[in-house]
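First comes the structure, then the notes that go with it.
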Amino acid sequence: MALKKVKGNIERMFDKNLTDLVRGIRNNKENEAKYITQCMEDIKQELRQDNLTVKGNAIAKLTYLQMLGYDISWAGFNVIEVMSSNKFTLKRTGYLAASQSFHCDSELLMLTTNMIRKELNSQNQYDAGLALTSLSCYISTDLARDLSQDILTLLSSTKPYIRKKAVLMMYKVFLKYPEALRPAFPKLKEKLEDPDPGVQSAAVNVICELARKNPKNYLSLAPVFFKLMTTKTNNWMLIKIIKLFGALTPLEPRLGKKLIEPLTNLIHSTSAMSLLYECINTVIAVLISISSGMPNHAASIQLCVQKLRILIEDSDQNLKYLGLLAMSKILKTHPKSVQAHKDLILQCLEDKDESIRLRALDLLYGMVSKKNLMEIVKKLMVHMDKAEGTIYRDELLAKIVLICSQNNYQFITNFEWYLTVLVELAQMEFGSKQGHVIAAQLIDVSIRVQAIRSFAVAEMAQLLEFYASNSQFSIMQDVLYSAAWLCGEFASELKEPEASLIAMLKYKSLPPHIEIVFIQNILKLYACCLMKYELAQDYDKICGMYEVTQRKLENSLKSPEIEVQERASSTLMILEVVHCEVMAKKGVKTEQIMEDFDLPIDAEVDKGETVAMQLLNLFNGDLNPVAPKAQKKVPIPEGLDLDSFIEEPDFGENEYSSDSDYEIKGNLFVKDSNERNSKPELTEEEKVKIREARKNEQMNNPHYLKSSNKKYEDIPVAELQLDVPLKVLSKRSDKYLKFDNGAKKSRKNKRSKKHKVESSTDDDNELVNKTLMVNQNLELPEGATLSDSEGSVGNPDDPHRALDIDLDLPGLDEKKLADSPQPESNKIKSKKKKHNKIKKDKSVAAAAAAAKQPGDDGENKKKMKKSKDKKEKTKKKKSKELSNEYEEALGISTPSKEFP
Amino acid sequence: MQFMLLFSRQGKLRLQKWYNAHPDKLKKKITRELITTILTRKPKMCSFLEWRDLKIVYKRYASLYFCCAIEQNDNELLTLEIIHRYVELLDKYFGSVCELDIIFNFEKAYFILDELLLGGEIQETSKKTVLKAIASQDLLQEDLNEK
């Protein structure tokens with residue numbers, strides 16, 4: 001034995017200590033991994049020895065390796081061995097290793113319970129301190145339950161060093177073992193008045209943390225804290241107290257009124273920025289929670305805003321950032337106070353720091369008004385040109401759109417201006433991912449603001465022309481989508497549809513979802529041009545147009561995308577049929593083709609109508625933007641039973657007959673809804689009419705049928721007051737119309753100043769390029785994007801977003817604790833106890849068998865049993881006594897009494 | 001406070017303290033992510049960033065970055081104060097501290113931190129008291145060693 005010891009000591013001389021290890025790693029930068037593997041082997045060797053000092057050395061080295069990211073969980077048992085040493089040095093090493101490497105789910109923790117308890121009760125305050133510090137890192141539910149009583153006892157220790165740590169430790173215990181809160185609370189409360197400032201501050205910390213998660217239980221402590229706040233000068237503590245009040249005031253506005261004065265005093269007097277910032281935040285919270293009727297209300301806000309301005313103007317980036325952050329809180333309730341500092345916030349957009357710029361952008365969103373919108377957007381556009389970084393520019397672009405479109409374009413007085421802005425944004429190609437946002441906006445605005453359509457269509461036509469003619473011209477591709485669609489859908493607004501058609505036919509390799517729109521809208525434009533030529537009897541041009549279009553579409557037939565193929569082929573077929581029709585009318589017989597494509601169209605030839613008219617009928621009907629979830633909101637008209645059959649046998653026959661009319665499936669649906677809605681009044685005549693209408697609109701997409709819209713409007717239901725207006729378009733656009741009409745006279749003047757500068761490039765472009773488009777709409781996707789854009793407009797205002805954030809698990813634990821009635825928590829307790837007994841027995845056995853603990857397992861066991869018995873008895877007693885006190889403390893006693 | 005990390009300008013971790021238990025894998029992921037994010041930030045940028053649902057407060061002292069994660073409602077400036085206080089303590093303890101001091105005496109750095117914070121909450125705001133506690137523990141350690 002002695003020999004072994006000597007041998008061990010000699011070997012130790014050759015062992016590497018921690019410093020050697022660190023040095024070694026530094027010297028072996030080239031093959032660090034190899035070196036560390038070697039060291040790990042050495043350490044494992046050392047851990048196999050009996051000498052605890054050697055083990056301690058090994059553990060110290062492992063702790064270092066752990067920090068470098070190596071797994072040392074395998075050494076957990078050795079760590080416990082070192083922790084159990086009697087020597088402070090080793091203990092210190094062991095507990096440090098434990099706090100770094102133990103995990104609260106670890107099985108090993110069962111072995112530590114008694115050891116830690118022993119340390120907690122040690123005479124040496126540093127032993128106890130060590131144990132507390134370490135325990136705080138890995139405390140588990142079991143440990144918390146088993147040790148809570150010991151830690152609670154330490155709250156009454158004579159040594160402030162211990163009390164302080166124990167108070168803080170209690171918070172961790174509460175998180176893991178909520179049942180401990182009730183019995184511990186009175187003592188914790190006492191500590192608020194502890195003579196030692198460290199202990200006091202620790203108690204404030206703990207209660208502040210508890211209260212932030214679950215404020216209503218701590219309202220009764222408000223007087224105590226109020227006293228502390230007005231008498232103490234320790235900034236660390238003051239900040240916590242003020243934060244606590246910030247959590248309490250929303251529940252008790254009277255408290256807020258009382259707070260304003262001392263807080264404003266602090267704001268005036270303090271030189272500590274952190275305290276100032278906390279005060280401002282709490283004042284904001286207070287003012288938000290107080291509804292009205294505060295005499296100093298405006299003055300306090302003014303003070304806050306002034307102070308924040310000083311923060312923002314500071315050269316310290318941190319203060320600037322926080323100032324903006326706090327400003328945005330004020331903005332929500334007192335926008336006007338913040339708007340006064342627009343200059344400052346715009347200035348922040350120039351900041352070098354991206355995070356500050358983003359904060360400033362957030363603020364701008366809430367600061368715009370009808371008067372300053374153009375100005376702000378202009379600055380943002382200028383800023384966008386200079387800005388660096390795709391992500392930031394994307395953010396900027398999205399913000400501009402958001403700012404302009406908020407509240408249904410509430411702040412836009414001139415839509416021509418807005419469209420120009422959108423077009424300019426679209427031309428800032430920088431790999432942006434926001435193209436779809438602009439596209440959606442273009443479509444949304446053009447549909448909803450009827451007065452702007454011709455302007456919009458002209459702009460879009462121009463874009464397409466640019467795109468077709470100039471390969472250098474860069475634009476966000478998604479915008480082509482809306483350009484094509486708008487030109488098609490509102491082809492009648494185009495001055496020269498032929499030019500637009502030609503431009504669109506020149507499209508190059510486009511993403512499939514855009515190519516589809518192009519094909520569809522080429523057809524619309526084709527129909528428009530056809531109309532024009534047919535009326536002019538210009539058959540040469542018709543043939544020319546047909547050939548060009550046909551050639552292009554045949555190319556698209558080769559597309560690998562099935563959707564593109566399908567669109568191209570059906571469009572081709574339609575074109576062919578129509579062309580035959582036109583030629584037939586002209587007198588040129590092309591019977592061959594007609595035989596091949598015996599579509600119903602040819603049976604429908606109407607002498608009075610031109611062929612183009614029939615084609616145009618395909619695209620007939622206005623598009624109304626549908627409010628989100630509008631479908632769900634359509635109430636069922638009185639007397640309508642959706643479950644009963646509508647003229648059972650008849651209905652079926654109708655259906656078949658309409659099928660034989662080459663109805664597209666979609667039309668069945670539409671017809672269905674038509675008949676349902678109008679069911680009661682349906683007469684034979686009406687049925688015939690409907691059927692006729694259906695024939696005319698054969699290929700039409702159901703969602704855009706005008707007839708169906710009209711039907712809805714006819715139903716009295718539409719006049720009921722709904723949350724979401726069904727007829728979004730008409731109402732909103734009416735508003736815009738009024739706007740526009742009113743502004744029309746002054747628009748030119750208005751534009752002249754700011755707008756001219758921006759749009760000057762466009763005006764130039766107009767001279768160069770005059771493009772015309774004739775297109776008809778691709779309807780379904782359009783509807784889809786519409787609703788998308790509406791969704792994105794609504795989001796930022798959603799209050800739940802902000803609320804979602806903080807509730808983390810510990811918070812929930814506490815809620816449970818506070819909310820659960822007493823008996824329930826007892827149940828849980830008893831269950832857990834049973835469970836734990838088993839565990840404990842296991843753990844003791846394991847510890848006894850495996851650990852060669854220097855201590856006394858037998859004694860430990862006895863102690864444990866005793867203490868367990870004691871604990872259970874005392875707990876029962878105490879819980880009864882304390883629950884009374886506690887309820888008083890958590891006070892249903894209203895603070896109103898204390899705050900007259 | 002959720003955790004504190006110390007790392008060098010080269011991205012080497014010098015100290016990590018977690019006040020909430022996480023699996024090792026997650027710790028590593030978080031560490032890597034934060035180190036890259038913070039090192040790519042320019043020196044003129046402010047010390048705060050929003051990260052997941054936490055706020056990160058960091059500050060560079062010489063070649064070392066001190067980085068703390070706090071909750072949404074916590075006070076960023078207070079956290080900066082804590083970091084500063086810790087640096088002051090290290091400075092006092094080592095006598096104008098440098099990165100090497102922390103590398104070679106990393107356990108001391110931990111001990112000091114443990115006297116300043118417990119379970120992520122500020123424990124002692126007085127520098128004197130902290131240093132006294134450390135000194136007397138060191139003394140205890142040496143005494144025992146001599147025995």
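By convention in this document, the chains of the structure tokens carry letters A, B, ... by their order, each chain's residues are numbered from 1, and ligands are numbered from 1 in the order they are shown.
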Practice problem: Please identify every residue of chain B that has at least one atom no more than 6 Å from any atom of chain A, counting only C-alpha atoms, and report them as a PyMOL selection string. | Solution: chain B and resi 19+45-47+77-78+119+124+141
Practice problem: Just the helix (DSSP H, G or I) stuff from stretch 28-122 of chain B, please, per backbone DSSP, written as JSON, numbers by chain. | Solution: {"B": [28, 29, 30, 31, 32, 33, 34, 35, 36, 37, 38, 39, 40, 76, 77, 78, 79, 80, 81, 82, 83, 84, 85, 86, 87, 88, 89, 90, 91, 92, 93, 94, 99, 100, 101, 102, 103, 104, 106, 107, 108, 109, 110, 111, 112, 113, 114, 115, 116]}
Quiz item: What is the atom CA of A:Gly323-atom CA of A:Leu308 distance in Å, reported with one decimal?
Solution: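 Between these atoms lies a distance of 5.1 Å.
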Which residues, written as a CSV table (one decimal) with all heavy atoms, in the first residue's frame, have at least one atom at most 12 Å from A:Met40, with only C-alpha atoms counted and residues fewer than 2 positions away on the same chain left out?
```csv
chain,number,residue,atom,x,y,z
A,16,LYS,N,1.3,15.7,-16.3
A,16,LYS,CA,1.1,17.1,-16.8
A,16,LYS,C,0.1,17.8,-15.9
A,16,LYS,O,-0.9,17.2,-15.5
A,16,LYS,CB,0.5,17.1,-18.2
A,16,LYS,CG,1.6,16.9,-19.3
A,16,LYS,CD,0.9,17.1,-20.6
A,16,LYS,CE,1.4,16.1,-21.6
A,16,LYS,NZ,0.5,15.1,-22.1
A,21,LEU,N,-0.9,21.4,-19.8
A,21,LEU,CA,-1.9,21.0,-20.9
A,21,LEU,C,-2.2,22.2,-21.8
A,21,LEU,O,-2.1,22.2,-23.0
A,21,LEU,CB,-3.2,20.6,-20.2
A,21,LEU,CG,-4.3,20.3,-21.2
A,21,LEU,CD1,-4.2,18.9,-21.9
A,21,LEU,CD2,-5.7,20.4,-20.5
A,33,ALA,N,-5.9,18.2,-32.5
A,33,ALA,CA,-6.8,17.1,-32.2
A,33,ALA,C,-6.0,15.8,-31.7
A,33,ALA,O,-6.4,15.2,-30.7
A,33,ALA,CB,-7.6,16.7,-33.4
A,34,LYS,N,-4.9,15.6,-32.4
A,34,LYS,CA,-4.1,14.5,-32.1
A,34,LYS,C,-3.5,14.6,-30.6
A,34,LYS,O,-3.5,13.7,-29.8
A,34,LYS,CB,-2.9,14.4,-33.1
A,34,LYS,CG,-2.3,13.0,-33.1
A,34,LYS,CD,-1.2,13.0,-34.2
A,34,LYS,CE,-0.2,11.9,-33.8
A,34,LYS,NZ,1.1,12.1,-34.6
A,35,TYR,N,-3.0,15.8,-30.4
A,35,TYR,CA,-2.5,16.1,-29.1
A,35,TYR,C,-3.5,15.9,-28.0
A,35,TYR,O,-3.2,15.3,-26.9
A,35,TYR,CB,-1.9,17.5,-29.0
A,35,TYR,CG,-1.3,17.9,-27.7
A,35,TYR,CD1,0.0,17.4,-27.3
A,35,TYR,CD2,-2.0,18.7,-26.8
A,35,TYR,CE1,0.5,17.8,-26.1
A,35,TYR,CE2,-1.4,19.0,-25.5
A,35,TYR,CZ,-0.2,18.5,-25.2
A,35,TYR,OH,0.4,18.9,-24.0
A,36,ILE,N,-4.7,16.3,-28.2
A,36,ILE,CA,-5.7,16.2,-27.2
A,36,ILE,C,-6.1,14.8,-27.0
A,36,ILE,O,-6.4,14.4,-25.9
A,36,ILE,CB,-6.9,17.2,-27.5
A,36,ILE,CG1,-6.5,18.6,-27.3
A,36,ILE,CG2,-8.1,16.8,-26.7
A,36,ILE,CD1,-7.5,19.6,-27.7
A,37,THR,N,-6.2,14.0,-28.1
A,37,THR,CA,-6.5,12.6,-27.9
A,37,THR,C,-5.4,12.0,-27.0
A,37,THR,O,-5.8,11.2,-26.1
A,37,THR,CB,-6.4,11.9,-29.3
A,37,THR,OG1,-6.9,12.8,-30.3
A,37,THR,CG2,-7.3,10.7,-29.3
A,38,GLN,N,-4.2,12.3,-27.2
A,38,GLN,CA,-3.1,11.8,-26.4
A,38,GLN,C,-3.4,12.2,-24.9
A,38,GLN,O,-3.3,11.4,-24.0
A,38,GLN,CB,-1.8,12.4,-26.9
A,38,GLN,CG,-0.6,12.1,-26.0
A,38,GLN,CD,-0.3,10.6,-26.1
A,38,GLN,OE1,-0.5,10.0,-27.2
A,38,GLN,NE2,0.1,10.0,-25.0
A,42,ASP,N,-4.0,10.1,-21.3
A,42,ASP,CA,-3.2,10.3,-20.0
A,42,ASP,C,-4.2,10.6,-18.9
A,42,ASP,O,-4.1,10.0,-17.8
A,42,ASP,CB,-2.3,11.6,-20.2
A,42,ASP,CG,-1.2,11.4,-21.2
A,42,ASP,OD1,-1.0,10.2,-21.5
A,42,ASP,OD2,-0.6,12.3,-21.6
A,43,ILE,N,-5.2,11.4,-19.2
A,43,ILE,CA,-6.2,11.7,-18.1
A,43,ILE,C,-6.9,10.5,-17.7
A,43,ILE,O,-7.1,10.2,-16.5
A,43,ILE,CB,-7.2,12.8,-18.7
A,43,ILE,CG1,-6.5,14.1,-18.8
A,43,ILE,CG2,-8.4,12.9,-17.7
A,43,ILE,CD1,-7.3,15.1,-19.6
A,44,LYS,N,-7.3,9.6,-18.6
A,44,LYS,CA,-8.0,8.4,-18.3
A,44,LYS,C,-7.1,7.5,-17.4
A,44,LYS,O,-7.6,6.9,-16.4
A,44,LYS,CB,-8.4,7.6,-19.5
A,44,LYS,CG,-9.7,8.2,-20.1
A,44,LYS,CD,-10.1,7.5,-21.4
A,44,LYS,CE,-11.2,8.2,-22.1
A,44,LYS,NZ,-11.4,7.8,-23.4
A,45,GLN,N,-5.8,7.5,-17.7
A,45,GLN,CA,-4.9,6.8,-16.9
A,45,GLN,C,-4.8,7.3,-15.5
A,45,GLN,O,-4.9,6.6,-14.5
A,45,GLN,CB,-3.5,7.0,-17.5
A,45,GLN,CG,-2.5,5.8,-17.3
A,45,GLN,CD,-3.0,4.6,-18.0
A,45,GLN,OE1,-3.2,4.6,-19.2
A,45,GLN,NE2,-3.1,3.4,-17.3
A,46,GLU,N,-4.8,8.7,-15.4
A,46,GLU,CA,-4.7,9.3,-14.1
A,46,GLU,C,-5.9,9.0,-13.2
A,46,GLU,O,-5.9,8.8,-12.0
A,46,GLU,CB,-4.5,10.8,-14.2
A,46,GLU,CG,-3.1,11.2,-14.7
A,46,GLU,CD,-3.1,12.7,-15.2
A,46,GLU,OE1,-3.9,13.5,-14.6
A,46,GLU,OE2,-2.3,13.0,-16.1
A,47,LEU,N,-7.1,9.0,-13.9
A,47,LEU,CA,-8.3,8.8,-13.2
A,47,LEU,C,-8.4,7.4,-12.6
A,47,LEU,O,-9.2,7.1,-11.7
A,47,LEU,CB,-9.5,9.1,-14.1
A,47,LEU,CG,-9.8,10.5,-14.4
A,47,LEU,CD1,-10.9,10.7,-15.4
A,47,LEU,CD2,-10.1,11.3,-13.2
A,58,ALA,N,-6.5,15.6,-13.0
A,58,ALA,CA,-7.1,15.2,-14.2
A,58,ALA,C,-8.4,15.9,-14.5
A,58,ALA,O,-8.7,16.3,-15.6
A,58,ALA,CB,-7.3,13.7,-14.1
A,59,ILE,N,-9.2,16.0,-13.4
A,59,ILE,CA,-10.5,16.7,-13.6
A,59,ILE,C,-10.3,18.1,-14.0
A,59,ILE,O,-11.0,18.7,-14.9
A,59,ILE,CB,-11.3,16.6,-12.3
A,59,ILE,CG1,-11.7,15.1,-12.0
A,59,ILE,CG2,-12.6,17.4,-12.4
A,59,ILE,CD1,-12.5,14.5,-13.1
A,61,LYS,N,-8.0,19.4,-15.8
A,61,LYS,CA,-7.6,19.4,-17.2
A,61,LYS,C,-8.9,19.1,-18.0
A,61,LYS,O,-9.1,19.7,-19.1
A,61,LYS,CB,-6.5,18.3,-17.5
A,61,LYS,CG,-5.2,18.7,-16.9
A,61,LYS,CD,-4.1,17.8,-17.5
A,61,LYS,CE,-4.0,16.5,-16.7
A,61,LYS,NZ,-2.8,15.7,-17.2
A,62,LEU,N,-9.7,18.1,-17.5
A,62,LEU,CA,-10.9,17.8,-18.3
A,62,LEU,C,-11.8,19.0,-18.4
A,62,LEU,O,-12.4,19.3,-19.4
A,62,LEU,CB,-11.7,16.7,-17.6
A,62,LEU,CG,-11.2,15.3,-17.9
A,62,LEU,CD1,-12.1,14.3,-17.2
A,62,LEU,CD2,-11.2,15.0,-19.4
A,63,THR,N,-11.9,19.8,-17.3
A,63,THR,CA,-12.7,21.0,-17.4
A,63,THR,C,-12.3,21.9,-18.5
A,63,THR,O,-13.1,22.5,-19.2
A,63,THR,CB,-12.7,21.7,-16.0
A,63,THR,OG1,-12.8,20.8,-15.0
A,63,THR,CG2,-13.8,22.7,-15.9
A,64,TYR,N,-11.0,22.0,-18.6
A,64,TYR,CA,-10.5,22.9,-19.7
A,64,TYR,C,-10.8,22.3,-21.0
A,64,TYR,O,-11.3,23.1,-21.9
A,64,TYR,CB,-8.9,23.0,-19.6
A,64,TYR,CG,-8.4,24.0,-20.5
A,64,TYR,CD1,-8.5,25.4,-20.3
A,64,TYR,CD2,-7.8,23.6,-21.7
A,64,TYR,CE1,-8.0,26.3,-21.2
A,64,TYR,CE2,-7.3,24.5,-22.6
A,64,TYR,CZ,-7.4,25.9,-22.3
A,64,TYR,OH,-6.9,26.8,-23.2
A,65,LEU,N,-10.7,21.0,-21.2
A,65,LEU,CA,-11.0,20.4,-22.5
A,65,LEU,C,-12.5,20.5,-22.8
A,65,LEU,O,-12.9,20.7,-23.9
A,65,LEU,CB,-10.6,18.9,-22.5
A,65,LEU,CG,-9.1,18.7,-22.4
A,65,LEU,CD1,-8.8,17.2,-22.4
A,65,LEU,CD2,-8.4,19.3,-23.6
A,66,GLN,N,-13.3,20.4,-21.7
A,66,GLN,CA,-14.7,20.6,-21.9
A,66,GLN,C,-15.1,21.9,-22.5
A,66,GLN,O,-15.9,22.1,-23.4
A,66,GLN,CB,-15.4,20.5,-20.5
A,66,GLN,CG,-17.0,20.4,-20.6
A,66,GLN,CD,-17.6,21.7,-20.4
A,66,GLN,OE1,-17.0,22.7,-20.0
A,66,GLN,NE2,-18.9,21.8,-20.8
A,70,TYR,N,-14.9,19.5,-25.9
A,70,TYR,CA,-14.8,18.0,-25.9
A,70,TYR,C,-15.8,17.4,-24.9
A,70,TYR,O,-16.0,18.0,-23.8
A,70,TYR,CB,-13.3,17.6,-25.6
A,70,TYR,CG,-12.4,17.9,-26.7
A,70,TYR,CD1,-11.8,19.2,-26.7
A,70,TYR,CD2,-12.2,17.0,-27.7
A,70,TYR,CE1,-10.9,19.5,-27.8
A,70,TYR,CE2,-11.3,17.4,-28.8
A,70,TYR,CZ,-10.7,18.6,-28.8
A,70,TYR,OH,-9.9,18.9,-29.8
A,71,ASP,N,-16.2,16.3,-25.2
A,71,ASP,CA,-17.2,15.6,-24.3
A,71,ASP,C,-16.5,15.0,-23.1
A,71,ASP,O,-15.6,14.2,-23.3
A,71,ASP,CB,-17.9,14.5,-25.1
A,71,ASP,CG,-18.9,13.8,-24.2
A,71,ASP,OD1,-19.5,14.5,-23.3
A,71,ASP,OD2,-19.2,12.6,-24.4
A,72,ILE,N,-16.9,15.4,-21.9
A,72,ILE,CA,-16.3,14.8,-20.7
A,72,ILE,C,-17.4,14.1,-19.8
A,72,ILE,O,-17.1,13.9,-18.7
A,72,ILE,CB,-15.5,15.8,-19.9
A,72,ILE,CG1,-16.4,16.9,-19.3
A,72,ILE,CG2,-14.4,16.5,-20.8
A,72,ILE,CD1,-15.7,17.5,-18.1
A,74,TRP,N,-18.3,11.3,-19.7
A,74,TRP,CA,-18.0,10.0,-19.2
A,74,TRP,C,-17.2,10.0,-17.9
A,74,TRP,O,-17.2,9.0,-17.2
A,74,TRP,CB,-17.1,9.3,-20.3
A,74,TRP,CG,-15.9,10.1,-20.7
A,74,TRP,CD1,-15.8,11.0,-21.8
A,74,TRP,CD2,-14.6,10.2,-20.1
A,74,TRP,NE1,-14.6,11.6,-21.8
A,74,TRP,CE2,-13.8,11.1,-20.8
A,74,TRP,CE3,-14.0,9.6,-19.0
A,74,TRP,CZ2,-12.5,11.5,-20.5
A,74,TRP,CZ3,-12.7,9.9,-18.7
A,74,TRP,CH2,-12.0,10.9,-19.4
A,75,ALA,N,-16.7,11.2,-17.6
A,75,ALA,CA,-15.9,11.3,-16.3
A,75,ALA,C,-16.8,11.7,-15.2
A,75,ALA,O,-16.2,12.1,-14.1
A,75,ALA,CB,-14.7,12.2,-16.5
```
Quiz item: Skipping near chain neighbours, those fewer than 5 positions away, what residues fall within 9 Å of stretch 30-41 of chain B using only C-alpha atoms, listed as an NGL selection string?
Solution: :B and (5 or 7 or 9-13 or 16 or 25 or 49 or 51 or 56 or 58 or 65 or 67)
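Look at B:Tyr86: the protein and nucleic acid residues within 10 Å of it, using only C-alpha atoms and passing over chain neighbours fewer than 2 places away, are Phe66, Leu80, Glu81, Ile82, Ile83, His84, Glu88, Leu89, Leu90, Asp91, Lys92, Ala109, Ile112, Leu113, Glu115, Leu116, Leu117 and Lys127 of chain B.
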